[in-house]
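Colleague: One file is attached below, query05.txt, containing compact mmCIF, C-alpha atoms and all ligand atoms.
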```
# COMPACT_ATOMS: atom_id res chain seq x y z
CA MET A 1 193.04 93.84 79.96
CA ARG A 2 191.95 93.91 83.60
CA LYS A 3 194.59 92.65 86.03
CA PRO A 4 193.25 89.85 88.23
CA MET A 5 193.15 90.50 91.95
CA MET A 6 193.29 88.03 94.83
CA ALA A 7 192.17 90.02 97.86
CA GLY A 8 192.47 88.45 101.29
CA ASN A 9 189.98 89.87 103.79
CA TRP A 10 191.43 88.80 107.12
CA LYS A 11 188.41 90.22 108.99
CA MET A 12 188.94 90.38 112.80
CA ASN A 13 191.73 87.82 112.81
CA MET A 14 195.50 88.05 113.40
CA THR A 15 197.64 89.91 115.89
CA VAL A 16 200.39 92.15 114.52
CA ALA A 17 202.91 89.32 114.95
CA GLY A 18 200.57 86.84 113.25
CA ALA A 19 199.94 89.24 110.36
CA LEU A 20 203.66 89.75 109.71
CA ASP A 21 204.22 86.02 109.86
CA LEU A 22 201.39 85.26 107.42
CA ALA A 23 202.60 87.87 104.92
CA ARG A 24 206.14 86.48 105.03
CA GLN A 25 204.88 82.92 104.57
CA ILE A 26 202.77 83.92 101.55
CA TYR A 27 205.73 85.72 100.02
CA ARG A 28 207.94 82.66 100.47
CA LEU A 29 205.33 80.50 98.75
CA VAL A 30 204.35 82.77 95.85
CA GLY A 31 207.45 84.87 95.27
CA ASP A 32 207.24 87.72 92.81
CA THR A 33 204.37 87.28 90.43
CA SER A 34 203.33 90.32 88.50
CA VAL A 35 200.44 88.53 86.78
CA VAL A 36 198.13 88.68 89.80
CA GLU A 37 197.56 91.63 92.11
CA GLN A 38 197.89 90.34 95.67
CA LEU A 39 195.97 92.44 98.15
CA LEU A 40 196.07 91.83 101.90
CA CYS A 41 193.35 93.44 104.04
CA PRO A 42 194.39 92.97 107.68
CA PRO A 43 192.83 94.59 110.75
CA SER A 44 193.73 98.28 110.70
CA VAL A 45 196.23 98.06 113.59
CA CYS A 46 198.32 95.74 111.42
CA LEU A 47 198.51 98.10 108.42
CA HIS A 48 201.44 100.19 109.61
CA PRO A 49 203.71 97.30 110.68
CA LEU A 50 202.77 95.32 107.57
CA LYS A 51 203.53 98.28 105.35
CA ALA A 52 207.05 98.50 106.78
CA VAL A 53 207.73 94.79 106.30
CA THR A 54 206.06 94.30 102.91
CA ASP A 55 207.52 97.33 101.14
CA ASP A 56 209.79 95.12 99.05
CA MET A 57 207.17 92.39 98.58
CA PRO A 58 204.57 92.41 95.80
CA PHE A 59 201.64 93.09 98.13
CA LEU A 60 199.14 95.88 98.14
CA LEU A 61 197.37 96.60 101.41
CA GLY A 62 193.74 97.35 102.09
CA ALA A 63 191.72 98.53 105.08
CA GLN A 64 188.44 96.82 105.91
CA ASN A 65 186.39 99.96 106.56
CA CYS A 66 186.68 103.67 107.29
CA HIS A 67 184.55 106.68 108.18
CA TRP A 68 183.54 109.32 105.63
CA GLN A 69 184.63 112.31 107.73
CA GLU A 70 188.25 113.45 107.76
CA SER A 71 188.45 113.88 111.53
CA GLY A 72 186.32 114.67 114.56
CA ALA A 73 184.48 113.25 117.53
CA PHE A 74 183.86 109.74 116.18
CA THR A 75 185.33 107.47 118.84
CA GLY A 76 186.76 104.27 117.46
CA GLU A 77 186.65 105.30 113.81
CA ILE A 78 189.43 105.67 111.25
CA SER A 79 189.36 108.28 108.49
CA PRO A 80 190.57 108.20 104.87
CA PRO A 81 193.48 110.65 105.46
CA MET A 82 194.74 108.35 108.22
CA LEU A 83 194.90 105.51 105.71
CA ARG A 84 196.81 107.49 103.08
CA GLY A 85 200.26 106.00 102.68
CA LEU A 86 199.29 102.86 104.60
CA ALA A 87 196.61 101.36 102.37
CA ASP A 88 195.94 101.27 98.65
CA TYR A 89 192.35 100.01 98.93
CA VAL A 90 189.49 100.26 101.41
CA VAL A 91 186.78 97.58 101.59
CA LEU A 92 183.40 99.27 101.97
CA GLY A 93 179.92 97.94 102.60
CA HIS A 94 180.93 94.39 103.45
CA SER A 95 177.79 92.46 104.37
CA GLU A 96 179.11 91.93 107.90
CA ARG A 97 179.25 95.69 108.31
CA ARG A 98 175.81 96.08 106.77
CA GLN A 99 174.28 93.35 108.95
CA LEU A 100 176.12 93.84 112.24
CA PHE A 101 177.14 97.51 112.28
CA GLY A 102 174.30 99.37 110.61
CA GLU A 103 176.01 100.15 107.30
CA THR A 104 173.47 101.31 104.70
CA ASP A 105 173.57 102.05 100.98
CA GLU A 106 173.73 105.71 101.94
CA THR A 107 176.76 105.39 104.22
CA VAL A 108 178.50 103.16 101.68
CA ASN A 109 178.01 105.90 99.09
CA LYS A 110 179.36 108.60 101.44
CA LYS A 111 182.39 106.45 102.26
CA THR A 112 183.02 105.68 98.58
CA HIS A 113 183.13 109.42 97.79
CA ALA A 114 185.37 110.11 100.81
CA VAL A 115 187.82 107.32 100.01
CA LEU A 116 188.14 108.44 96.37
CA ALA A 117 188.64 112.06 97.45
CA HIS A 118 191.74 110.90 99.31
CA GLN A 119 193.22 108.96 96.38
CA LEU A 120 192.40 105.55 97.86
CA ASN A 121 190.59 102.86 95.91
CA PRO A 122 187.28 101.55 97.26
CA ILE A 123 186.29 97.90 97.04
CA VAL A 124 182.52 98.20 97.20
CA CYS A 125 180.78 95.01 98.37
CA VAL A 126 177.28 94.06 97.28
CA GLY A 127 175.35 90.86 97.81
CA GLU A 128 171.90 89.42 98.41
CA SER A 129 170.71 87.52 101.49
CA LEU A 130 169.50 83.93 101.33
CA GLU A 131 165.88 85.15 101.62
CA GLN A 132 166.31 87.62 98.77
CA ASN A 133 167.95 84.90 96.72
CA GLU A 134 165.11 82.45 97.38
CA ARG A 135 162.50 85.08 96.54
CA GLY A 136 164.20 85.63 93.15
CA GLU A 137 165.33 89.13 94.13
CA THR A 138 169.07 88.73 93.45
CA SER A 139 169.21 90.94 90.35
CA SER A 140 167.04 93.71 91.80
CA THR A 141 169.02 93.72 95.07
CA ILE A 142 172.38 93.89 93.33
CA THR A 143 171.18 96.55 90.90
CA ALA A 144 169.89 98.74 93.73
CA GLN A 145 173.07 98.33 95.80
CA VAL A 146 175.43 99.10 92.91
CA ARG A 147 173.41 102.13 91.79
CA ALA A 148 173.24 103.51 95.33
CA ALA A 149 176.93 102.95 96.12
CA LEU A 150 178.09 104.64 92.89
CA ASP A 151 175.63 107.51 92.97
CA GLY A 152 177.28 110.81 92.00
CA LEU A 153 180.64 109.35 90.91
CA ASN A 154 182.25 110.31 87.60
CA ASP A 155 183.69 107.91 85.01
CA GLU A 156 187.26 108.26 86.20
CA GLN A 157 186.29 107.55 89.81
CA VAL A 158 184.35 104.44 88.86
CA GLN A 159 187.30 103.00 86.95
CA SER A 160 189.52 103.24 90.00
CA LEU A 161 187.18 101.30 92.24
CA VAL A 162 186.51 97.59 92.45
CA ILE A 163 183.13 95.96 93.00
CA ALA A 164 182.90 92.69 94.91
CA TYR A 165 179.83 90.51 94.51
CA GLU A 166 179.50 88.52 97.73
CA PRO A 167 176.23 86.62 98.16
CA ILE A 168 175.63 86.61 101.92
CA TRP A 169 174.56 82.96 101.91
CA ALA A 170 177.97 81.96 100.54
CA ILE A 171 180.10 83.83 103.08
CA GLY A 172 181.79 81.54 105.57
CA THR A 173 179.36 78.71 104.79
CA GLY A 174 181.52 76.55 102.54
CA ARG A 175 178.72 76.86 99.98
CA ALA A 176 180.09 79.03 97.16
CA ALA A 177 177.94 80.19 94.28
CA THR A 178 178.56 78.08 91.19
CA ALA A 179 181.12 79.62 88.86
CA GLN A 180 178.34 80.13 86.31
CA THR A 181 176.05 81.97 88.74
CA ALA A 182 178.93 84.05 90.09
CA GLY A 183 179.91 84.90 86.51
CA ASP A 184 176.34 85.84 85.59
CA ILE A 185 175.92 88.20 88.53
CA CYS A 186 179.34 89.78 87.95
CA GLY A 187 178.15 90.20 84.35
CA LEU A 188 175.04 91.94 85.66
CA VAL A 189 177.26 94.30 87.67
CA ARG A 190 179.20 95.08 84.51
CA ALA A 191 175.97 95.70 82.60
CA ILE A 192 174.90 98.20 85.29
CA LEU A 193 178.29 99.92 85.00
CA ARG A 194 177.82 100.07 81.23
CA GLU A 195 174.39 101.62 81.61
CA MET A 196 175.64 104.18 84.14
CA HIS A 197 179.07 105.01 82.67
CA GLY A 198 179.40 103.51 79.19
CA ALA A 199 181.22 100.55 77.68
CA ALA A 200 184.78 101.83 78.18
CA VAL A 201 184.33 102.31 81.93
CA ALA A 202 182.48 99.00 82.30
CA GLY A 203 185.26 97.25 80.41
CA ALA A 204 187.97 98.73 82.60
CA THR A 205 186.41 98.27 86.05
CA ARG A 206 187.22 95.13 88.02
CA VAL A 207 184.48 92.96 89.48
CA LEU A 208 185.36 90.31 92.07
CA TYR A 209 183.48 87.34 93.46
CA GLY A 210 183.52 86.49 97.18
CA GLY A 211 181.93 83.77 99.32
CA SER A 212 183.66 80.46 100.17
CA ALA A 213 186.22 80.96 97.40
CA LYS A 214 189.04 78.45 97.86
CA PRO A 215 191.71 76.56 95.91
CA ASP A 216 189.14 73.95 94.79
CA ASN A 217 186.81 76.37 93.05
CA ILE A 218 188.97 79.39 92.16
CA GLY A 219 190.03 78.01 88.76
CA ALA A 220 186.45 77.69 87.50
CA ILE A 221 185.54 81.06 89.01
CA MET A 222 188.47 82.81 87.33
CA GLU A 223 187.55 81.23 83.96
CA GLN A 224 184.42 83.40 83.95
CA SER A 225 184.99 86.34 81.63
CA ASP A 226 183.27 88.90 83.88
CA ILE A 227 185.10 87.87 87.07
CA ASP A 228 188.39 89.65 87.69
CA GLY A 229 189.35 88.15 91.01
CA ALA A 230 188.15 87.09 94.42
CA LEU A 231 187.60 88.56 97.85
CA ILE A 232 188.66 85.71 100.09
CA GLY A 233 187.88 85.29 103.78
CA GLY A 234 188.73 81.99 105.48
CA ALA A 235 191.03 80.64 102.77
CA SER A 236 193.18 83.79 102.90
CA LEU A 237 194.15 83.10 106.51
CA GLU A 238 196.25 80.10 105.56
CA ALA A 239 199.37 80.92 103.57
CA GLU A 240 199.27 77.77 101.46
CA SER A 241 195.64 78.05 100.38
CA TYR A 242 195.96 81.76 99.54
CA ALA A 243 199.23 81.11 97.68
CA GLU A 244 197.60 78.28 95.75
CA MET A 245 194.75 80.57 94.69
CA VAL A 246 197.29 83.12 93.42
CA ARG A 247 199.12 80.40 91.48
CA ILE A 248 195.93 79.00 89.95
CA THR A 249 194.81 82.49 88.92
CA ALA A 250 198.21 83.18 87.38
CA ARG A 251 197.88 79.97 85.36
CA VAL A 252 194.36 80.85 84.15
CA TYR A 253 195.59 84.28 83.04
CA SER A 254 198.79 83.14 81.41
CA GLY A 255 197.21 80.17 79.64
P1 LIG B 301 184.75 83.44 103.11
O1 LIG B 301 185.75 83.31 102.00
O2 LIG B 301 185.28 83.00 104.44
O3 LIG B 301 183.44 82.82 102.75
O4 LIG B 301 184.48 85.02 103.30
C1 LIG B 301 184.18 85.77 102.19
C2 LIG B 301 184.22 87.20 102.57
O5 LIG B 301 183.38 87.67 103.32
C3 LIG B 301 185.31 88.01 102.03
O6 LIG B 301 185.08 89.37 102.24
```
Do you think you could lay out the structure here as C-alpha cells?

Modeller:
Amino acid sequence: MRKPMMAGNWKMNMTVAGALDLARQIYRLVGDTSVVEQLLCPPSVCLHPLKAVTDDMPFLLGAQNCHWQESGAFTGEISPPMLRGLADYVVLGHSERRQLFGETDETVNKKTHAVLAHQLNPIVCVGESLEQNERGETSSTITAQVRAALDGLNDEQVQSLVIAYEPIWAIGTGRAATAQTAGDICGLVRAILREMHGAAVAGATRVLYGGSAKPDNIGAIMEQSDIDGALIGGASLEAESYAEMVRITARVYSG
C-alpha cells in the first residue's frame, strides 16, 4: 500500500517568520494524522528554522531544487550534502525551473542521481506544455521526460523517489486536469516504471498529480487508483485549504 502524500510547494513565497507561522497553523488544524504524509517544501532559507520548530510535528520537509555537485564555485547554488538533515525530499525538474532557469532532462537526471547518492528522496516533476497537449503529444512528452530523468537508476533508487505529473497548462491557472485525465497520465507513468523496472517497483513507487489541485477537486483526484498524492502550489499557502486537502485525502484512504 502506497502512503498518500500531500506536498506543499511554497515556491518563492514566505519569509522565515511566515513559514513558521504557516506550519504552526497547519499543525493546529490537522493535528497528528499518520494516514497522510504531509510534506512542506519552503524556500531553502526556511528549511533550518522550520526543521527546529517542526521536529515534534508530523511534517516532512523538502527543498525545491539543488545542484548536482557536492561543493564548488557555483554561486547561489545549494548542494545535496547541505540539505542532509534538513530535508527529506528534493523537488527536481519543476516546470518553472525548466522554463525559467534552463533545467533540462539531462540536468534533472544528474540531480536525481546526486540527491539519491546523499540519501535524500527526489520528487521528479514531468509535464507537457499547452502546445504539446493540443498537438496530442502528452504521452510522448511524459514518456521521454520520465525515461530521461530515471536513466541509469537501479530498482531500489526508483522506489525511493516520487514522480509528480504536473501539466504546465494547469499550474497556477485554476484549470486542473480532470481527475480522469490526471489518473490516466499517472497510470502511464506507472506503466513506464513497470517497463523499466518491473511490476514490483512500479507498484511501490508513488506518483503525484499537480496543477491547480485544491480542496474542491482533491477528493476526485485521490480516488484515482494510480494517483498517490498531490504537489500543491497556491492552495498550500493557506493553512485551511492545505489542511482540508489532508483531511479529505485521509477520508478517501480510510474509507
Ligand atoms: P498550483 O497548485 O498553484 O497550480 O501549482 C502547482 C505546482 O506547480 C506545484 O508544484

Colleague: Counting only C-alpha atoms, which residues have an atom no more than 7 Å from (196.7, 97.9, 101.8) in the file's coordinates? Please list them as a tab-separated table (two decimals) with C-alpha atoms, in the coordinates of the input.

Modeller:
```
chain	number	residue	atom	x	y	z
A	39	LEU	CA	195.97	92.44	98.15
A	40	LEU	CA	196.07	91.83	101.90
A	41	CYS	CA	193.35	93.44	104.04
A	47	LEU	CA	198.51	98.10	108.42
A	60	LEU	CA	199.14	95.88	98.14
A	61	LEU	CA	197.37	96.60	101.41
A	62	GLY	CA	193.74	97.35	102.09
A	63	ALA	CA	191.72	98.53	105.08
A	86	LEU	CA	199.29	102.86	104.60
A	87	ALA	CA	196.61	101.36	102.37
A	88	ASP	CA	195.94	101.27	98.65
A	89	TYR	CA	192.35	100.01	98.93
```

Colleague: Taking all atoms listed in the file into account, report as a short mmCIF file (atom, residue, chain, number, x, y, z; two decimals) with C-alpha atoms, keeping the file's coordinate frame which residues have an atom no farther than 7 Å from an atom of ligand LIG 301 (chain B).

Modeller:
```cif
data_model
loop_
_atom_site.label_atom_id
_atom_site.label_comp_id
_atom_site.auth_asym_id
_atom_site.auth_seq_id
_atom_site.Cartn_x
_atom_site.Cartn_y
_atom_site.Cartn_z
CA ASN A 9 189.98 89.87 103.79
CA HIS A 94 180.93 94.39 103.45
CA GLU A 166 179.50 88.52 97.73
CA ALA A 170 177.97 81.96 100.54
CA ILE A 171 180.10 83.83 103.08
CA GLY A 172 181.79 81.54 105.57
CA THR A 173 179.36 78.71 104.79
CA GLY A 174 181.52 76.55 102.54
CA GLY A 210 183.52 86.49 97.18
CA GLY A 211 181.93 83.77 99.32
CA SER A 212 183.66 80.46 100.17
CA ALA A 213 186.22 80.96 97.40
CA LEU A 231 187.60 88.56 97.85
CA ILE A 232 188.66 85.71 100.09
CA GLY A 233 187.88 85.29 103.78
CA GLY A 234 188.73 81.99 105.48
CA ALA A 235 191.03 80.64 102.77
#
```

Colleague: Using all atoms listed in the file, which of A:Gln145, A:Ser95, A:Ser160, A:Thr33 sits nearest Arg251 in chain A?

Modeller: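 Of A:Gln145, A:Ser95, A:Ser160, A:Thr33, the one nearest Arg251 in chain A, counting all atoms listed in the file, is A:Thr33.
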
Colleague: Closest to Ala200 in chain A among A:Arg2, A:Leu150, A:Ile163, A:Ile248, using all atoms listed in the file?

Modeller: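 Going through A:Arg2, A:Leu150, A:Ile163, A:Ile248 one by one, the smallest distance to Ala200 in chain A is for A:Arg2.
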
Colleague: For a quick check of your reading of the model, name the residues lying within 6 Å of the coordinate (184.9, 105.7, 108.8), counting all atoms listed in the file, and write them as a list in words.

Modeller: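 Checked against the point, the hits come out as Cys66, His67, Trp68, Glu77, Ile78 and Ser79 of chain A.
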
Colleague: Name the residues in contact with Met12 in chain A at a cut-off of 10 Å, using all atoms listed in the file, excluding same-chain residues fewer than 5 positions from it; report them as a list of chain:residue names.

Modeller: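 What passes the distance filter is A:Pro42, A:Pro43, A:Ser44, A:Gln64.
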